[in-house]
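Below is structure.txt, which holds compact mmCIF, C-alpha atoms and all ligand atoms.
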```txt
# COMPACT_ATOMS: atom_id res chain seq x y z
CA MET A 178 0.00 0.00 0.00
CA SER A 179 2.81 2.43 0.75
CA ASP A 180 4.21 1.89 -2.76
CA LEU A 181 0.81 2.75 -4.16
CA ARG A 182 0.68 5.84 -1.99
CA ASP A 183 4.08 6.95 -3.27
CA LEU A 184 2.87 6.49 -6.81
CA TYR A 185 -0.26 8.52 -6.08
CA GLN A 186 1.83 11.31 -4.62
CA GLU A 187 4.07 11.31 -7.67
CA VAL A 188 1.09 11.65 -10.00
CA ILE A 189 -0.35 14.53 -7.94
CA LEU A 190 3.03 16.26 -7.80
CA ASP A 191 3.46 15.91 -11.55
CA HIS A 192 0.09 17.58 -12.20
CA THR A 193 0.88 20.32 -9.69
CA LYS A 194 4.16 21.14 -11.39
CA HIS A 195 2.86 20.73 -14.92
CA PRO A 196 -0.88 21.42 -14.92
CA ARG A 197 -2.63 20.14 -18.04
CA ASN A 198 -5.06 22.36 -19.94
CA PHE A 199 -3.92 25.47 -18.07
CA GLY A 200 -4.98 28.79 -19.61
CA THR A 201 -8.07 30.36 -21.11
CA LEU A 202 -10.32 29.28 -23.94
CA GLU A 203 -11.24 31.88 -26.54
CA HIS A 204 -14.44 30.22 -27.70
CA ALA A 205 -15.68 29.02 -24.33
CA ASN A 206 -19.45 28.89 -23.98
CA CYS A 207 -19.46 27.77 -20.36
CA LYS A 208 -17.53 29.53 -17.65
CA ALA A 209 -17.52 29.52 -13.89
CA ASP A 210 -15.34 30.67 -11.03
CA GLY A 211 -14.70 28.63 -7.94
CA PHE A 212 -13.36 29.63 -4.56
CA ASN A 213 -12.49 27.54 -1.54
CA PRO A 214 -12.29 29.97 1.39
CA LEU A 215 -10.98 27.30 3.75
CA CYS A 216 -7.71 27.12 1.85
CA GLY A 217 -7.78 30.16 -0.45
CA ASP A 218 -7.90 28.13 -3.66
CA ARG A 219 -9.22 30.06 -6.65
CA LEU A 220 -10.20 28.63 -9.98
CA SER A 221 -11.68 29.81 -13.27
CA LEU A 222 -12.98 27.20 -15.64
CA PHE A 223 -13.61 27.59 -19.37
CA LEU A 224 -15.49 24.99 -21.36
CA SER A 225 -16.45 24.58 -24.95
CA VAL A 226 -19.56 22.40 -25.05
CA GLU A 227 -21.08 21.35 -28.36
CA ASP A 228 -24.16 19.13 -28.65
CA GLY A 229 -23.82 18.24 -24.98
CA VAL A 230 -20.22 17.08 -25.35
CA VAL A 231 -17.25 18.76 -23.67
CA LYS A 232 -15.07 19.55 -26.69
CA ASP A 233 -12.41 21.52 -24.88
CA VAL A 234 -11.61 22.80 -21.43
CA ARG A 235 -9.07 25.08 -19.72
CA PHE A 236 -8.57 26.30 -16.22
CA GLN A 237 -6.76 29.15 -14.54
CA GLY A 238 -6.20 30.02 -10.95
CA SER A 239 -4.00 29.65 -7.98
CA GLY A 240 -4.27 27.28 -5.13
CA CYS A 241 -2.61 24.53 -3.17
CA ALA A 242 -1.05 21.45 -4.74
CA ILE A 243 -4.15 19.31 -4.27
CA SER A 244 -6.52 21.84 -5.86
CA THR A 245 -4.22 22.43 -8.84
CA ALA A 246 -3.61 18.73 -9.44
CA SER A 247 -7.31 17.98 -9.09
CA ALA A 248 -8.26 20.71 -11.59
CA SER A 249 -5.60 19.48 -14.00
CA MET A 250 -6.78 15.87 -13.82
CA MET A 251 -10.44 16.86 -13.93
CA THR A 252 -9.92 18.69 -17.23
CA GLU A 253 -8.17 15.65 -18.66
CA SER A 254 -10.88 13.26 -17.60
CA ILE A 255 -13.91 15.23 -18.83
CA LYS A 256 -12.65 16.16 -22.28
CA GLY A 257 -14.73 14.30 -24.84
CA LYS A 258 -17.32 13.31 -22.26
CA THR A 259 -21.01 14.17 -22.41
CA ARG A 260 -22.51 16.42 -19.79
CA ALA A 261 -24.20 13.37 -18.20
CA GLU A 262 -20.94 11.39 -18.11
CA ALA A 263 -19.15 14.33 -16.50
CA GLU A 264 -21.87 14.52 -13.84
CA VAL A 265 -21.55 10.81 -13.07
CA LEU A 266 -17.79 11.19 -12.75
CA PHE A 267 -18.27 14.11 -10.35
CA GLU A 268 -20.63 12.05 -8.19
CA LYS A 269 -18.23 9.12 -8.04
CA PHE A 270 -15.30 11.37 -7.26
CA HIS A 271 -17.29 13.09 -4.52
CA GLN A 272 -18.40 9.73 -3.13
CA MET A 273 -14.81 8.49 -3.06
CA LEU A 274 -13.72 11.52 -1.02
CA THR A 275 -16.66 11.71 1.36
CA GLY A 276 -17.58 8.03 1.61
CA LYS A 277 -17.83 6.49 5.03
CA PRO A 278 -14.68 4.79 6.29
CA GLY A 279 -14.72 1.05 5.79
CA ILE A 280 -16.57 1.22 2.50
CA GLU A 281 -14.12 0.32 -0.21
CA PHE A 282 -14.56 2.23 -3.41
CA GLU A 283 -14.10 0.60 -6.77
CA SER A 284 -11.23 2.75 -7.89
CA ASP A 285 -11.13 1.39 -11.42
CA GLU A 286 -14.36 3.24 -12.13
CA LEU A 287 -12.50 6.49 -11.67
CA GLY A 288 -9.31 5.55 -13.45
CA LYS A 289 -6.47 7.95 -12.70
CA LEU A 290 -8.69 10.05 -10.44
CA ALA A 291 -8.29 7.32 -7.81
CA VAL A 292 -5.00 8.99 -6.87
CA PHE A 293 -7.08 11.35 -4.73
CA SER A 294 -8.56 8.56 -2.61
CA GLY A 295 -6.00 9.28 0.14
CA VAL A 296 -7.39 12.81 0.50
CA LYS A 297 -10.42 11.56 2.42
CA GLU A 298 -8.14 10.98 5.40
CA PHE A 299 -7.61 14.75 5.48
CA PRO A 300 -11.09 16.30 5.67
CA VAL A 301 -9.85 19.89 5.28
CA ARG A 302 -8.31 18.87 1.95
CA VAL A 303 -11.49 17.35 0.56
CA LYS A 304 -12.75 20.79 -0.49
CA CYS A 305 -9.44 21.45 -2.25
CA ALA A 306 -9.85 18.26 -4.28
CA THR A 307 -13.53 18.83 -5.10
CA LEU A 308 -13.31 22.57 -5.91
CA ALA A 309 -12.63 21.97 -9.61
CA TRP A 310 -15.58 19.58 -9.79
CA HIS A 311 -18.00 21.96 -8.09
CA THR A 312 -16.83 24.65 -10.49
CA LEU A 313 -17.41 22.28 -13.39
CA ASN A 314 -20.96 21.67 -12.22
CA ALA A 315 -21.59 25.41 -12.06
CA ALA A 316 -20.07 25.94 -15.51
CA LEU A 317 -22.18 23.24 -17.12
CA LYS A 318 -25.33 24.81 -15.68
CA ASN A 319 -24.40 28.17 -17.13
CA GLU A 320 -24.04 27.04 -20.70
CA ARG A 321 -24.91 29.72 -23.19
CA GLU A 322 -24.65 30.03 -26.91
CA PRO A 323 -21.09 30.26 -28.19
CA ALA A 324 -19.96 33.86 -28.46
CA SER A 325 -20.53 35.13 -31.96
CA THR A 326 -18.99 38.05 -33.82
CA GLU A 327 -21.99 38.32 -36.15
ZN ZN B 1 -6.37 23.90 -1.11
```

Kindly transcribe the structure held in the file into structure tokens.
Amino acid sequence: MSDLRDLYQEVILDHTKHPRNFGTLEHANCKADGFNPLCGDRLSLFLSVEDGVVKDVRFQGSGCAISTASASMMTESIKGKTRAEAEVLFEKFHQMLTGKPGIEFESDELGKLAVFSGVKEFPVRVKCATLAWHTLNAALKNEREPASTE
């Protein structure tokens, strides 16, 4: 188990140092800002959603290692997914982090996102890990027509 934990920490560290999909999206039609006052993590999320599918996604912000890594991995895992699939992933991720102790979670359902399973032992960090997902939820609810120059 400790080997697995080391591996998880390496993955999180890698995403913290080299966040994927970091930046803004010119043609975003969904956008939301997230803030976790407990830690001071801030996040802006930009999504391009077409026909209910997340075509592209970027994030910007500043926060702790967990929040940055979580946002980075969230953007990777929702790209190409439908809105419904993204919502299911959010629920599973949330369940993994807030689930009662003793209930083993099927980590293969979450793929790489399982690296955050250790966070549930640190309740103050759970909000850091879920911030990007709450922001995603907000962004998907605020979908509007793509900006047009016409
Ligand atoms: Zn944080």

**Report entry** Env. residues ligand ZN 1 (chain B) / 12 Å / all atoms listed in the file / as an MDAnalysis selection string
**Finding:** chainID A and resid 193 211:220 238:248 296 299:309

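Using all atoms listed in the file, the shortest contact distance between A:Ala316 and any of A:Glu298, A:Asp228, A:Asp210, A:Asp191 is found at A:Asp210.
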
Query raised in the report: Which is closer to A:Val234 than all the others in A:Asn206, A:Ser249, A:Thr259, A:Asn198, using all atoms listed in the file?
Result: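 Checking each of A:Asn206, A:Ser249, A:Thr259, A:Asn198 against A:Val234, counting all atoms listed in the file, the winner is A:Asn198.
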
Report task. Quick one: everything within 8 Å of stretch 182-185 of chain A, counting all atoms listed in the file, minus sequence neighbours fewer than 6 positions away in the same chain. Send it as a list of chain:residue names. Result ->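 Final neighbour list, sorted by chain and number: A:Val292, A:Phe293, A:Gly295.
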
Requested in this report: For atom CA of A:Ala261 and atom CA of A:Leu190, determine how far apart the two atoms are, in Å to one decimal place.
Outcome: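 For atom CA of A:Ala261 relative to atom CA of A:Leu190, the distance reads 29.3 Å.
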
Query raised in the report: Which protein, DNA or RNA residues have an atom at most 10 Å from (-24.4, 18.3, -12.8), counting all atoms listed in the file? List them as a list in words.
Result: Arg260, Ala261, Glu262, Ala263, Glu264, Val265, Leu266, Phe267, Glu268, Trp310, His311, Leu313, Asn314, Ala315, Ala316, Leu317 and Lys318 of chain A

Query raised in the report: Suppose you want the space between atom CA of A:Gly276 and atom CA of A:Thr252; what is it in Å?
Result: 23.0 Å

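Residue nearest A:Lys208, chosen from A:Gln237, A:His192, A:Glu187, A:Gly288 and counting only C-alpha atoms: A:Gln237.
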
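Shortest separation to A:Phe223 among A:Asn319, A:His195, A:Leu290, A:His271 occurs at residue A:Asn319, atoms counted being only C-alpha atoms.
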
Report task. Calculate how many Å separate atom CA of A:Lys289 from atom CA of A:Ala209, rounding to one decimal. Result ->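 Taking atom CA of A:Lys289 as the start and atom CA of A:Ala209 as the end point, the length is 24.3 Å.
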
Report task. For A:Gly257, list every protein, DNA or RNA residue within 9 Å, evaluated using all atoms listed in the file, and leave out those in the same chain fewer than 3 positions away; present the list as a PyMOL selection string. Result -> chain A and resi 230-233+254

Query raised in the report: From the list A:Glu286, A:Asp180, A:Glu203, A:Glu253, which residue is nearest A:Ser225 when using all atoms listed in the file?
Result: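 Ranking A:Glu286, A:Asp180, A:Glu203, A:Glu253 by distance to A:Ser225, first place goes to A:Glu203.
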
Please produce stretch 184-213 of chain A, completed to N, CA and C atoms, as a short mmCIF file (atom, residue, chain, number, x, y, z; two decimals), in the frame of the given file.
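And here is the file that came out, result_33.cif:
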```
data_model
loop_
_atom_site.label_atom_id
_atom_site.label_comp_id
_atom_site.auth_asym_id
_atom_site.auth_seq_id
_atom_site.Cartn_x
_atom_site.Cartn_y
_atom_site.Cartn_z
N LEU A 184 3.22 6.30 -5.40
CA LEU A 184 2.87 6.49 -6.81
C LEU A 184 1.82 7.58 -6.94
N TYR A 185 0.81 7.52 -6.07
CA TYR A 185 -0.26 8.52 -6.08
C TYR A 185 0.32 9.92 -5.87
N GLN A 186 1.24 10.01 -4.90
CA GLN A 186 1.83 11.31 -4.62
C GLN A 186 2.63 11.83 -5.80
N GLU A 187 3.30 10.91 -6.50
CA GLU A 187 4.07 11.31 -7.67
C GLU A 187 3.17 11.87 -8.76
N VAL A 188 2.02 11.21 -8.97
CA VAL A 188 1.09 11.65 -10.00
C VAL A 188 0.56 13.05 -9.65
N ILE A 189 0.19 13.23 -8.38
CA ILE A 189 -0.35 14.53 -7.94
C ILE A 189 0.71 15.62 -8.09
N LEU A 190 1.92 15.30 -7.70
CA LEU A 190 3.03 16.26 -7.80
C LEU A 190 3.29 16.65 -9.25
N ASP A 191 3.23 15.66 -10.14
CA ASP A 191 3.46 15.91 -11.55
C ASP A 191 2.43 16.89 -12.10
N HIS A 192 1.16 16.69 -11.71
CA HIS A 192 0.09 17.58 -12.20
C HIS A 192 0.17 18.95 -11.56
N THR A 193 0.71 19.03 -10.35
CA THR A 193 0.88 20.32 -9.69
C THR A 193 1.96 21.13 -10.39
N LYS A 194 3.04 20.45 -10.75
CA LYS A 194 4.16 21.14 -11.39
C LYS A 194 3.88 21.45 -12.86
N HIS A 195 3.15 20.55 -13.50
CA HIS A 195 2.86 20.73 -14.92
C HIS A 195 1.37 20.58 -15.17
N PRO A 196 0.58 21.57 -14.76
CA PRO A 196 -0.88 21.42 -14.92
C PRO A 196 -1.26 21.29 -16.39
N ARG A 197 -2.14 20.32 -16.67
CA ARG A 197 -2.63 20.14 -18.04
C ARG A 197 -3.79 21.10 -18.29
N ASN A 198 -3.93 21.50 -19.54
CA ASN A 198 -5.06 22.36 -19.94
C ASN A 198 -5.12 23.66 -19.13
N PHE A 199 -3.97 24.23 -18.84
CA PHE A 199 -3.92 25.47 -18.07
C PHE A 199 -3.98 26.65 -19.04
N GLY A 200 -4.86 27.61 -18.76
CA GLY A 200 -4.98 28.79 -19.61
C GLY A 200 -6.43 29.16 -19.81
N THR A 201 -6.69 29.97 -20.84
CA THR A 201 -8.07 30.36 -21.11
C THR A 201 -8.48 29.78 -22.46
N LEU A 202 -9.78 29.83 -22.71
CA LEU A 202 -10.32 29.28 -23.94
C LEU A 202 -11.10 30.39 -24.64
N GLU A 203 -10.65 30.74 -25.85
CA GLU A 203 -11.24 31.88 -26.54
C GLU A 203 -12.71 31.67 -26.86
N HIS A 204 -13.06 30.46 -27.26
CA HIS A 204 -14.44 30.22 -27.70
C HIS A 204 -15.25 29.46 -26.65
N ALA A 205 -14.95 29.71 -25.39
CA ALA A 205 -15.68 29.02 -24.33
C ALA A 205 -17.14 29.46 -24.31
N ASN A 206 -18.05 28.52 -24.16
CA ASN A 206 -19.45 28.89 -23.98
C ASN A 206 -19.99 28.52 -22.60
N CYS A 207 -19.12 27.98 -21.77
CA CYS A 207 -19.46 27.77 -20.36
C CYS A 207 -18.28 28.29 -19.55
N LYS A 208 -18.60 28.99 -18.49
CA LYS A 208 -17.53 29.53 -17.65
C LYS A 208 -18.03 29.63 -16.22
N ALA A 209 -17.15 29.35 -15.29
CA ALA A 209 -17.52 29.52 -13.89
C ALA A 209 -16.25 29.76 -13.07
N ASP A 210 -16.44 30.45 -11.96
CA ASP A 210 -15.34 30.67 -11.03
C ASP A 210 -15.61 29.90 -9.76
N GLY A 211 -14.55 29.36 -9.19
CA GLY A 211 -14.70 28.63 -7.94
C GLY A 211 -13.75 29.19 -6.89
N PHE A 212 -14.18 29.12 -5.65
CA PHE A 212 -13.36 29.63 -4.56
C PHE A 212 -13.55 28.74 -3.34
N ASN A 213 -12.45 28.34 -2.76
CA ASN A 213 -12.49 27.54 -1.54
C ASN A 213 -11.90 28.37 -0.41
#
```
